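J.: Just one file: target33.cif, with mmCIF, C-alpha atoms.
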data_work
loop_
_atom_site.label_atom_id
_atom_site.label_comp_id
_atom_site.auth_asym_id
_atom_site.auth_seq_id
_atom_site.Cartn_x
_atom_site.Cartn_y
_atom_site.Cartn_z
CA MET N 32 83.18 -96.10 -41.40
CA GLU N 33 81.01 -93.13 -42.36
CA SER N 34 77.89 -91.98 -40.59
CA ASN N 35 74.53 -91.33 -42.23
CA PRO N 36 71.24 -90.55 -40.48
CA ALA N 37 69.09 -92.95 -42.45
CA PRO N 38 70.71 -95.54 -44.73
CA THR N 39 68.18 -98.13 -45.89
CA ALA N 40 68.30 -101.74 -47.02
CA SER N 41 66.26 -104.44 -48.67
CA LEU N 42 66.60 -108.20 -48.98
CA VAL N 43 65.85 -110.52 -51.90
CA ILE N 44 65.51 -114.14 -50.78
CA ILE N 45 65.96 -116.31 -53.86
CA GLY N 46 64.83 -119.91 -54.19
CA ASN N 47 61.88 -122.15 -54.98
CA GLU N 48 62.63 -124.12 -51.81
CA VAL N 49 61.80 -121.11 -49.62
CA LEU N 50 58.55 -120.40 -51.44
CA SER N 51 57.51 -124.07 -51.19
CA GLY N 52 58.05 -124.07 -47.44
CA ARG N 53 60.69 -126.79 -47.63
CA THR N 54 63.40 -124.40 -46.39
CA LYS N 55 62.70 -122.11 -43.44
CA ASP N 56 64.51 -118.83 -44.05
CA ALA N 57 66.72 -117.69 -41.15
CA ASN N 58 68.63 -114.96 -42.96
CA LEU N 59 66.05 -112.18 -42.63
CA ALA N 60 66.04 -112.31 -38.82
CA TYR N 61 69.84 -112.19 -38.70
CA LEU N 62 70.26 -109.41 -41.25
CA GLY N 63 67.43 -107.32 -39.82
CA ALA N 64 68.92 -107.44 -36.33
CA GLN N 65 72.48 -106.77 -37.49
CA LEU N 66 71.48 -103.85 -39.68
CA ALA N 67 69.35 -102.31 -36.92
CA GLU N 68 72.41 -102.35 -34.66
CA MET N 69 74.24 -100.44 -37.39
CA GLY N 70 71.47 -97.90 -37.89
CA ILE N 71 70.51 -99.28 -41.31
CA ARG N 72 66.77 -99.67 -41.73
CA MET N 73 65.49 -102.81 -43.42
CA MET N 74 62.63 -101.45 -45.49
CA GLU N 75 61.52 -104.25 -47.80
CA VAL N 76 61.93 -107.99 -48.32
CA ARG N 77 60.99 -110.02 -51.39
CA ILE N 78 61.01 -113.79 -51.82
CA VAL N 79 61.34 -114.73 -55.48
CA PRO N 80 61.57 -118.03 -57.36
CA ASP N 81 64.49 -119.25 -59.45
CA ILE N 82 63.19 -117.35 -62.48
CA GLU N 83 65.43 -114.81 -64.21
CA ALA N 84 62.77 -112.20 -64.95
CA ASN N 85 61.58 -112.17 -61.32
CA ILE N 86 65.08 -111.85 -59.90
CA VAL N 87 66.12 -109.11 -62.34
CA GLU N 88 62.95 -107.12 -61.72
CA ALA N 89 63.29 -107.33 -57.94
CA VAL N 90 66.97 -106.38 -57.88
CA ASN N 91 66.57 -103.45 -60.25
CA ALA N 92 63.53 -102.09 -58.42
CA LEU N 93 65.13 -102.32 -54.99
CA ARG N 94 68.62 -101.08 -55.86
CA ALA N 95 67.08 -97.89 -57.19
CA ARG N 96 65.04 -97.38 -54.03
CA TYR N 97 67.36 -98.25 -51.14
CA SER N 98 70.95 -97.71 -50.02
CA TYR N 99 71.70 -101.44 -50.09
CA VAL N 100 70.25 -104.61 -51.56
CA PHE N 101 71.26 -107.97 -50.13
CA THR N 102 70.43 -111.21 -51.89
CA THR N 103 70.61 -114.71 -50.44
CA GLY N 104 70.61 -118.00 -52.30
CA GLY N 105 71.28 -119.30 -55.78
CA ILE N 106 75.08 -119.02 -56.10
CA GLY N 107 75.95 -122.71 -55.90
CA PRO N 108 77.05 -125.20 -58.60
CA THR N 109 73.72 -126.62 -59.79
CA HIS N 110 71.47 -125.78 -62.74
CA ASP N 111 69.00 -123.84 -60.60
CA ASP N 112 71.71 -121.60 -59.13
CA ILE N 113 71.11 -118.65 -61.45
CA THR N 114 71.56 -115.65 -59.17
CA SER N 115 74.96 -114.56 -60.50
CA ALA N 116 73.75 -114.61 -64.11
CA CYS N 117 70.60 -112.71 -63.12
CA ILE N 118 72.56 -109.99 -61.32
CA ALA N 119 74.75 -109.61 -64.41
CA ALA N 120 71.60 -109.25 -66.51
CA ALA N 121 70.17 -106.69 -64.07
CA PHE N 122 73.30 -104.55 -64.47
CA GLY N 123 73.62 -105.18 -68.19
CA VAL N 124 77.13 -106.67 -67.96
CA LYS N 125 78.78 -109.95 -68.91
CA LEU N 126 79.10 -112.91 -66.58
CA ILE N 127 82.78 -113.84 -66.19
CA ARG N 128 84.87 -116.35 -64.29
CA HIS N 129 86.72 -114.16 -61.81
CA PRO N 130 90.42 -115.11 -61.77
CA ASP N 131 90.76 -114.60 -58.01
CA ALA N 132 87.68 -116.73 -57.34
CA MET N 133 89.06 -119.44 -59.64
CA ALA N 134 92.36 -119.41 -57.74
CA VAL N 135 90.66 -119.64 -54.33
CA LEU N 136 88.43 -122.50 -55.43
CA ALA N 137 91.22 -124.37 -57.23
CA ALA N 138 93.37 -124.26 -54.09
CA HIS N 139 90.45 -125.34 -51.92
CA TYR N 140 89.57 -128.38 -54.02
CA ALA N 141 93.22 -129.34 -54.45
CA ALA N 142 93.55 -129.35 -50.66
CA THR N 143 90.41 -131.42 -50.17
CA GLY N 144 91.19 -133.84 -52.99
CA ALA N 145 87.88 -133.17 -54.75
CA GLU N 146 87.72 -132.58 -58.50
CA PHE N 147 87.52 -128.94 -59.54
CA ASN N 148 84.97 -129.70 -62.24
CA ASP N 149 82.86 -127.42 -64.41
CA ALA N 150 80.01 -127.38 -61.91
CA ARG N 151 82.32 -126.12 -59.17
CA LYS N 152 83.96 -123.63 -61.53
CA LYS N 153 80.49 -122.12 -61.95
CA MET N 154 80.83 -120.78 -58.40
CA ALA N 155 83.64 -118.48 -59.65
CA GLU N 156 81.24 -116.73 -62.04
CA VAL N 157 80.37 -113.12 -61.19
CA PRO N 158 79.19 -110.07 -63.14
CA GLU N 159 82.02 -108.21 -64.84
CA GLY N 160 83.19 -105.41 -62.55
CA ALA N 161 82.01 -107.10 -59.35
CA THR N 162 84.14 -107.23 -56.20
CA LEU N 163 84.45 -110.56 -54.41
CA VAL N 164 83.07 -111.07 -50.90
CA GLU N 165 85.16 -113.45 -48.81
CA ASN N 166 83.68 -116.77 -47.70
CA PRO N 167 85.83 -118.19 -44.89
CA VAL N 168 83.47 -121.14 -44.37
CA SER N 169 83.37 -122.95 -47.73
CA LYS N 170 85.57 -120.64 -49.85
CA ALA N 171 83.12 -120.08 -52.73
CA PRO N 172 82.85 -116.26 -52.66
CA GLY N 173 79.91 -113.93 -52.81
CA PHE N 174 80.25 -110.60 -54.56
CA ARG N 175 79.24 -106.96 -54.62
CA ILE N 176 78.34 -104.87 -57.63
CA GLY N 177 77.08 -101.33 -57.15
CA ASN N 178 74.95 -101.31 -54.01
CA VAL N 179 73.99 -105.00 -54.37
CA TYR N 180 75.58 -107.63 -52.12
CA VAL N 181 75.14 -111.24 -53.19
CA PHE N 182 75.41 -113.87 -50.45
CA ALA N 183 74.92 -117.61 -50.13
CA GLY N 184 71.64 -118.90 -48.75
CA ILE N 185 73.10 -121.21 -46.09
CA PRO N 186 72.83 -119.14 -42.89
CA ARG N 187 76.30 -119.90 -41.52
CA ILE N 188 77.92 -118.91 -44.80
CA MET N 189 75.68 -115.87 -45.27
CA GLN N 190 76.61 -114.62 -41.82
CA ALA N 191 80.32 -115.04 -42.51
CA MET N 192 79.94 -113.15 -45.79
CA PHE N 193 78.09 -110.33 -44.05
CA ASP N 194 80.85 -110.12 -41.46
CA SER N 195 83.31 -109.72 -44.34
CA VAL N 196 81.57 -106.59 -45.62
CA ARG N 197 79.98 -104.95 -42.59
CA GLY N 198 82.94 -102.58 -42.19
CA GLU N 199 82.32 -101.00 -45.58
CA LEU N 200 78.65 -100.21 -45.01
CA THR N 201 77.57 -96.66 -44.29
CA THR N 202 75.96 -96.61 -40.86
CA GLY N 203 73.41 -94.40 -39.14
CA ALA N 204 72.15 -93.83 -35.62
CA LYS N 205 71.50 -97.14 -33.85
CA ILE N 206 67.85 -98.17 -33.86
CA ALA N 207 66.81 -98.89 -30.28
CA SER N 208 63.58 -100.43 -29.04
CA ARG N 209 61.30 -100.71 -26.01
CA THR N 210 58.70 -103.44 -25.56
CA VAL N 211 55.72 -103.23 -23.23
CA SER N 212 53.25 -106.12 -23.03
CA CYS N 213 49.84 -106.47 -21.43
CA ARG N 214 46.71 -108.63 -21.34
CA LEU N 215 44.44 -106.10 -23.01
CA GLY N 216 43.12 -106.57 -26.53
CA GLU N 217 44.29 -104.55 -29.52
CA GLY N 218 40.78 -103.15 -29.98
CA THR N 219 40.85 -101.76 -26.45
CA LEU N 220 44.22 -100.09 -26.98
CA ALA N 221 43.83 -98.92 -30.57
CA GLU N 222 42.46 -95.40 -30.07
CA GLY N 223 44.89 -94.40 -27.33
CA LEU N 224 47.81 -96.04 -29.09
CA GLY N 225 47.04 -94.09 -32.25
CA ALA N 226 47.09 -90.85 -30.28
CA ILE N 227 50.52 -91.71 -28.82
CA GLN N 228 51.81 -92.45 -32.31
CA THR N 229 50.56 -89.07 -33.52
CA ARG N 230 52.37 -87.31 -30.67
CA HIS N 231 55.61 -89.15 -31.45
CA PRO N 232 55.99 -89.28 -35.26
CA GLY N 233 59.68 -90.13 -34.97
CA ILE N 234 58.91 -93.38 -33.14
CA ASP N 235 57.62 -96.50 -34.91
CA ILE N 236 55.01 -98.21 -32.71
CA GLY N 237 53.93 -101.74 -33.60
CA SER N 238 51.24 -103.87 -31.99
CA TYR N 239 51.74 -107.66 -31.91
CA PRO N 240 49.05 -109.89 -30.39
CA TYR N 241 49.97 -113.26 -28.85
CA PHE N 242 48.55 -116.20 -26.96
CA ALA N 243 50.39 -117.31 -23.80
CA GLY N 244 49.57 -118.74 -20.40
CA GLY N 245 46.07 -119.63 -21.49
CA GLY N 246 45.08 -116.15 -22.59
CA PHE N 247 45.49 -113.45 -25.19
CA GLY N 248 47.65 -110.37 -24.89
CA VAL N 249 49.55 -107.84 -26.95
CA SER N 250 53.17 -106.70 -27.12
CA LEU N 251 53.68 -103.05 -28.03
CA VAL N 252 57.09 -102.48 -29.61
CA LEU N 253 58.50 -98.96 -29.97
CA ARG N 254 61.52 -98.37 -32.22
CA GLY N 255 63.56 -95.27 -32.92
CA THR N 256 66.96 -93.64 -32.73
CA ASP N 257 66.20 -91.11 -29.95
CA GLU N 258 66.51 -92.91 -26.60
CA ALA N 259 64.88 -90.08 -24.63
CA ALA N 260 61.90 -89.95 -27.00
CA LEU N 261 61.59 -93.73 -26.78
CA ASP N 262 61.49 -93.60 -23.00
CA THR N 263 58.85 -90.86 -23.05
CA ALA N 264 56.64 -92.70 -25.53
CA ALA N 265 57.05 -96.01 -23.66
CA GLU N 266 55.95 -94.36 -20.42
CA GLU N 267 52.87 -93.01 -22.21
CA VAL N 268 52.10 -96.54 -23.39
CA ARG N 269 52.38 -97.83 -19.82
CA GLY N 270 50.07 -95.05 -18.68
CA LEU N 271 47.55 -95.93 -21.37
CA ILE N 272 47.53 -99.58 -20.32
CA ARG N 273 46.97 -98.67 -16.66
CA SER N 274 44.19 -96.23 -17.56
CA LEU N 275 42.36 -99.06 -19.31
CA GLY N 276 42.63 -101.43 -16.36
CA GLY N 277 45.64 -103.40 -17.53
CA GLU N 278 49.08 -104.02 -16.06
CA PRO N 279 52.12 -103.23 -18.24
CA VAL N 280 54.89 -105.83 -18.32
CA GLU N 281 58.36 -105.03 -19.64
CA GLY N 282 59.51 -107.10 -22.60
CA GLU N 283 57.74 -109.90 -24.40
CA PRO N 284 56.18 -112.93 -22.71
CA VAL N 285 56.89 -116.49 -23.79
CA LYS N 286 54.46 -116.95 -26.63
CA GLU N 287 52.64 -120.19 -27.35
CA GLU N 288 51.36 -119.00 -30.72
CA ALA N 289 50.65 -115.82 -32.60
CA ALA N 290 47.12 -114.49 -32.45
CA LYS N 291 45.10 -111.98 -34.39
#
Could you rewrite the structure in this file as structure tokens?
T.:
Amino acid sequence: MESNPAPTASLVIIGNEVLSGRTKDANLAYLGAQLAEMGIRMMEVRIVPDIEANIVEAVNALRARYSYVFTTGGIGPTHDDITSACIAAAFGVKLIRHPDAMAVLAAHYAATGAEFNDARKKMAEVPEGATLVENPVSKAPGFRIGNVYVFAGIPRIMQAMFDSVRGELTTGAKIASRTVSCRLGEGTLAEGLGAIQTRHPGIDIGSYPYFAGGGFGVSLVLRGTDEAALDTAAEEVRGLIRSLGGEPVEGEPVKEEAAK
């Protein structure tokens, strides 16, 4: 596994059911956390409908901008599962039935006694030149072409597919974090927090208000790859909170609801 100071990633979540609110996406949280552990920065996420032009545009824009593009959803057997065909269109190659994918699926359905019909054979279709990504859960593979990794949308399957490829990803310095919470308002903290950010340009500082225990507060999250710099910046945040009459608390409180 190679090392790189700043590999980047993006995610394309594909499916009308996510945009409609019917399906609650869980893949972003998993991928974001896993990639951060590997030192790969998730830079952009797009949610697109089951429309070819939208998928092609998103994939082509993101694969030119970031080290990796991951897609989730749309590689099943039904009419609205169009991701594989769209990725082929994005790369300007033919869609083929991969012989290895056909063999895996044929064996799987023979073992289960289910018919290996045309709809199920569709799950063996990948862009010409793609490499299969193993699916130990339900056997229907994902695939990789160029820097684009195409995964299923079902979280358990997506996670298994990611595990199959994580060893081939170029990694960077692990992205660590510190969280300091308090009962002060964002408006009270804003000026001093901005000054701390200016002094520590290598640290990403985010402010996240919440409502808990009958009152408002804010969690200040610092992220970066330099542990010493993180500790220094976090101590400055604690000092700022105390100077404004607040009490810093390590970590995030149990939140009843988000607040702005």
J.: Here's the selection I'm unsure about, the PyMOL selection byres ((chain N and resi 54) around 12); applied to the file above, which residues does it give, as a PyMOL selection string?
T.: chain N and resi 44-53+55-58+104+184-186
J.: Which residue, N:Asp81, N:Glu75, N:Glu159, N:Glu267, has the smallest gap to Ile236 of chain N when you use all atoms listed in the file?
T.: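 Closest candidate: N:Glu267.
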J.: What is the atom CA of Thr162 of chain N-atom CA of Ala95 of chain N distance in Å, reported with one decimal?
T.: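 Atom-to-atom, atom CA of Thr162 of chain N and atom CA of Ala95 of chain N are spaced 19.5 Å apart.
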J.: Excluding Gly160 of chain N and any residue of its chain fewer than 6 positions from it, enumerate the residues within 10 Å of it, using all atoms listed in the file, and give them as a list in words.
T.: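 Residues near the query, excluding close chain neighbours: Ala119, Val124, Lys125, Leu126, Ile127, His129, Phe174, Arg175, Ile176 and Gly177 of chain N.
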J.: Enumerate, as a short mmCIF file (atom, residue, chain, number, x, y, z; two decimals) with C-alpha atoms, in the frame of the given file, the residues matched when the PyMOL selection byres ((chain N and resi 189-203) around 10) is run on the file above.
T.:
data_model
loop_
_atom_site.label_atom_id
_atom_site.label_comp_id
_atom_site.auth_asym_id
_atom_site.auth_seq_id
_atom_site.Cartn_x
_atom_site.Cartn_y
_atom_site.Cartn_z
CA MET N 32 83.18 -96.10 -41.40
CA GLU N 33 81.01 -93.13 -42.36
CA SER N 34 77.89 -91.98 -40.59
CA ASN N 35 74.53 -91.33 -42.23
CA PRO N 36 71.24 -90.55 -40.48
CA ALA N 37 69.09 -92.95 -42.45
CA PRO N 38 70.71 -95.54 -44.73
CA THR N 39 68.18 -98.13 -45.89
CA ASN N 58 68.63 -114.96 -42.96
CA TYR N 61 69.84 -112.19 -38.70
CA LEU N 62 70.26 -109.41 -41.25
CA GLN N 65 72.48 -106.77 -37.49
CA LEU N 66 71.48 -103.85 -39.68
CA ALA N 67 69.35 -102.31 -36.92
CA GLU N 68 72.41 -102.35 -34.66
CA MET N 69 74.24 -100.44 -37.39
CA GLY N 70 71.47 -97.90 -37.89
CA ILE N 71 70.51 -99.28 -41.31
CA ARG N 72 66.77 -99.67 -41.73
CA SER N 98 70.95 -97.71 -50.02
CA TYR N 99 71.70 -101.44 -50.09
CA PHE N 101 71.26 -107.97 -50.13
CA THR N 102 70.43 -111.21 -51.89
CA THR N 103 70.61 -114.71 -50.44
CA GLY N 104 70.61 -118.00 -52.30
CA VAL N 164 83.07 -111.07 -50.90
CA GLU N 165 85.16 -113.45 -48.81
CA ASN N 166 83.68 -116.77 -47.70
CA PRO N 167 85.83 -118.19 -44.89
CA VAL N 168 83.47 -121.14 -44.37
CA SER N 169 83.37 -122.95 -47.73
CA PRO N 172 82.85 -116.26 -52.66
CA GLY N 173 79.91 -113.93 -52.81
CA PHE N 174 80.25 -110.60 -54.56
CA ARG N 175 79.24 -106.96 -54.62
CA ASN N 178 74.95 -101.31 -54.01
CA TYR N 180 75.58 -107.63 -52.12
CA VAL N 181 75.14 -111.24 -53.19
CA PHE N 182 75.41 -113.87 -50.45
CA ALA N 183 74.92 -117.61 -50.13
CA GLY N 184 71.64 -118.90 -48.75
CA ILE N 185 73.10 -121.21 -46.09
CA PRO N 186 72.83 -119.14 -42.89
CA ARG N 187 76.30 -119.90 -41.52
CA ILE N 188 77.92 -118.91 -44.80
CA ALA N 204 72.15 -93.83 -35.62
CA LYS N 205 71.50 -97.14 -33.85
CA ILE N 206 67.85 -98.17 -33.86
CA THR N 256 66.96 -93.64 -32.73
#
J.: Evaluate the PyMOL selection byres ((chain N and resi 82) around 10) on the structure here and hand back the selected residues as JSON, numbers by chain.
T.: {"N": [45, 46, 47, 79, 80, 81, 83, 84, 85, 86, 87, 111, 113, 114, 117]}
J.: So the first atom is atom CA of Thr210 of chain N and the second is atom CA of Ala260 of chain N; what is the distance between them in Å, to one decimal place?
T.: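 That distance, rounded to one decimal, is 13.9 Å.
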J.: Nearest to Gly246 of chain N among N:Ala161, N:Ile106, N:Ile118, N:Leu215, with distances taken over all atoms listed in the file: which residue is it?
T.: N:Leu215
J.: Just give me the gap between atom CA of Asp235 of chain N and atom CA of Ser208 of chain N in Å, one decimal is fine.
T.: 9.2 Å
J.: Within 6 Å of Ile234 of chain N, counting only C-alpha atoms, which residues qualify if same-chain residues fewer than 3 places away don't, as a PDB file with C-alpha atoms, keeping the file's coordinate frame?
T.:
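Done, and the output landed in part_39.pdb:
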ATOM      1  CA  HIS N 231      55.610 -89.150 -31.450  1.00  0.00           C
ATOM      2  CA  ARG N 254      61.520 -98.370 -32.220  1.00  0.00           C
ATOM      3  CA  GLY N 255      63.560 -95.270 -32.920  1.00  0.00           C
TER       4      GLY N 255
END
J.: Which residue is closest to Val157 of chain N? Choose from N:Ala226, N:Ala207, N:Met133, N:Ala265 and count all atoms listed in the file.
T.: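 Using all atoms listed in the file, the shortest distance to Val157 of chain N belongs to N:Met133.
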J.: For Pro284 of chain N, list every protein, DNA or RNA residue within 9 Å, evaluated using all atoms listed in the file, and leave out those in the same chain fewer than 4 positions away; present the list as a ChimeraX atom specification.
T.: /N:212,241,243,250,280
J.: Take the residues from that selection and put them in a file with C-alpha atoms, as an mmCIF file, in the frame of the given file.
T.:
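File part.cif, as written:
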data_model
loop_
_atom_site.group_PDB
_atom_site.id
_atom_site.type_symbol
_atom_site.label_atom_id
_atom_site.label_comp_id
_atom_site.auth_asym_id
_atom_site.auth_seq_id
_atom_site.Cartn_x
_atom_site.Cartn_y
_atom_site.Cartn_z
ATOM 1 C CA SER N 212 53.250 -106.120 -23.030
ATOM 2 C CA TYR N 241 49.970 -113.260 -28.850
ATOM 3 C CA ALA N 243 50.390 -117.310 -23.800
ATOM 4 C CA SER N 250 53.170 -106.700 -27.120
ATOM 5 C CA VAL N 280 54.890 -105.830 -18.320
#
J.: Show me, as a PyMOL selection string, the residues that have an atom within 12 Å of Ala142 of chain N when counting all atoms listed in the file, minus same-chain residues fewer than 6 positions from it.
T.: chain N and resi 135-136+170
J.: Pick out the closest residue to Lys153 of chain N from this set: N:Gly276, N:Pro108, N:Gly245, N:Gly270. Count only C-alpha atoms.
T.: N:Pro108
J.: Of the candidates N:Gly216, N:Ala120, N:Ala92, N:Ala171, which shows the shortest atom-to-atom distance to Tyr140 of chain N, using all atoms listed in the file?
T.: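 Closest to Tyr140 of chain N of all the choices is N:Ala171.
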J.: I'd like the contact shell of Gly225 of chain N - 12 Å cut-off, all atoms listed in the file, skipping same-chain residues fewer than 4 positions apart - returned as a PDB file with C-alpha atoms, keeping the file's coordinate frame.
T.:
ATOM      1  CA  GLU N 217      44.290-104.550 -29.520  1.00  0.00           C
ATOM      2  CA  GLY N 218      40.780-103.150 -29.980  1.00  0.00           C
ATOM      3  CA  THR N 219      40.850-101.760 -26.450  1.00  0.00           C
ATOM      4  CA  LEU N 220      44.220-100.090 -26.980  1.00  0.00           C
ATOM      5  CA  ALA N 221      43.830 -98.920 -30.570  1.00  0.00           C
ATOM      6  CA  THR N 229      50.560 -89.070 -33.520  1.00  0.00           C
ATOM      7  CA  ARG N 230      52.370 -87.310 -30.670  1.00  0.00           C
ATOM      8  CA  HIS N 231      55.610 -89.150 -31.450  1.00  0.00           C
ATOM      9  CA  PRO N 232      55.990 -89.280 -35.260  1.00  0.00           C
ATOM     10  CA  ILE N 234      58.910 -93.380 -33.140  1.00  0.00           C
ATOM     11  CA  ASP N 235      57.620 -96.500 -34.910  1.00  0.00           C
ATOM     12  CA  ILE N 236      55.010 -98.210 -32.710  1.00  0.00           C
ATOM     13  CA  GLY N 237      53.930-101.740 -33.600  1.00  0.00           C
ATOM     14  CA  SER N 238      51.240-103.870 -31.990  1.00  0.00           C
ATOM     15  CA  LEU N 251      53.680-103.050 -28.030  1.00  0.00           C
ATOM     16  CA  ALA N 264      56.640 -92.700 -25.530  1.00  0.00           C
ATOM     17  CA  GLU N 267      52.870 -93.010 -22.210  1.00  0.00           C
ATOM     18  CA  VAL N 268      52.100 -96.540 -23.390  1.00  0.00           C
ATOM     19  CA  LEU N 271      47.550 -95.930 -21.370  1.00  0.00           C
TER      20      LEU N 271
END
J.: For segment 134-148 of chain N, which lacks atoms in the input, supply N, CA and C atoms and format the output as a short mmCIF file (atom, residue, chain, number, x, y, z; two decimals), keeping the file's coordinate frame.
T.:
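In the end it all went to rebuild_33.cif:
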data_model
loop_
_atom_site.label_atom_id
_atom_site.label_comp_id
_atom_site.auth_asym_id
_atom_site.auth_seq_id
_atom_site.Cartn_x
_atom_site.Cartn_y
_atom_site.Cartn_z
N ALA N 134 91.16 -119.02 -58.48
CA ALA N 134 92.36 -119.41 -57.74
C ALA N 134 92.00 -119.91 -56.35
N VAL N 135 91.09 -119.23 -55.67
CA VAL N 135 90.66 -119.64 -54.33
C VAL N 135 90.02 -121.02 -54.37
N LEU N 136 89.13 -121.23 -55.33
CA LEU N 136 88.43 -122.50 -55.43
C LEU N 136 89.37 -123.63 -55.86
N ALA N 137 90.27 -123.34 -56.79
CA ALA N 137 91.22 -124.37 -57.23
C ALA N 137 92.08 -124.84 -56.07
N ALA N 138 92.55 -123.90 -55.25
CA ALA N 138 93.37 -124.26 -54.09
C ALA N 138 92.56 -125.06 -53.08
N HIS N 139 91.32 -124.66 -52.88
CA HIS N 139 90.45 -125.34 -51.92
C HIS N 139 90.21 -126.79 -52.33
N TYR N 140 89.87 -127.01 -53.60
CA TYR N 140 89.57 -128.38 -54.02
C TYR N 140 90.83 -129.23 -54.14
N ALA N 141 91.95 -128.60 -54.45
CA ALA N 141 93.22 -129.34 -54.45
C ALA N 141 93.54 -129.83 -53.04
N ALA N 142 93.26 -128.98 -52.05
CA ALA N 142 93.55 -129.35 -50.66
C ALA N 142 92.61 -130.43 -50.14
N THR N 143 91.38 -130.43 -50.63
CA THR N 143 90.41 -131.42 -50.17
C THR N 143 90.45 -132.70 -50.98
N GLY N 144 91.11 -132.66 -52.14
CA GLY N 144 91.19 -133.84 -52.99
C GLY N 144 89.99 -134.04 -53.89
N ALA N 145 89.05 -133.08 -53.88
CA ALA N 145 87.88 -133.17 -54.75
C ALA N 145 88.19 -132.57 -56.11
N GLU N 146 87.49 -133.06 -57.13
CA GLU N 146 87.72 -132.58 -58.50
C GLU N 146 87.17 -131.16 -58.65
N PHE N 147 87.97 -130.30 -59.25
CA PHE N 147 87.52 -128.94 -59.54
C PHE N 147 86.87 -128.96 -60.92
N ASN N 148 85.65 -129.48 -60.97
CA ASN N 148 84.97 -129.70 -62.24
C ASN N 148 84.22 -128.46 -62.71
#
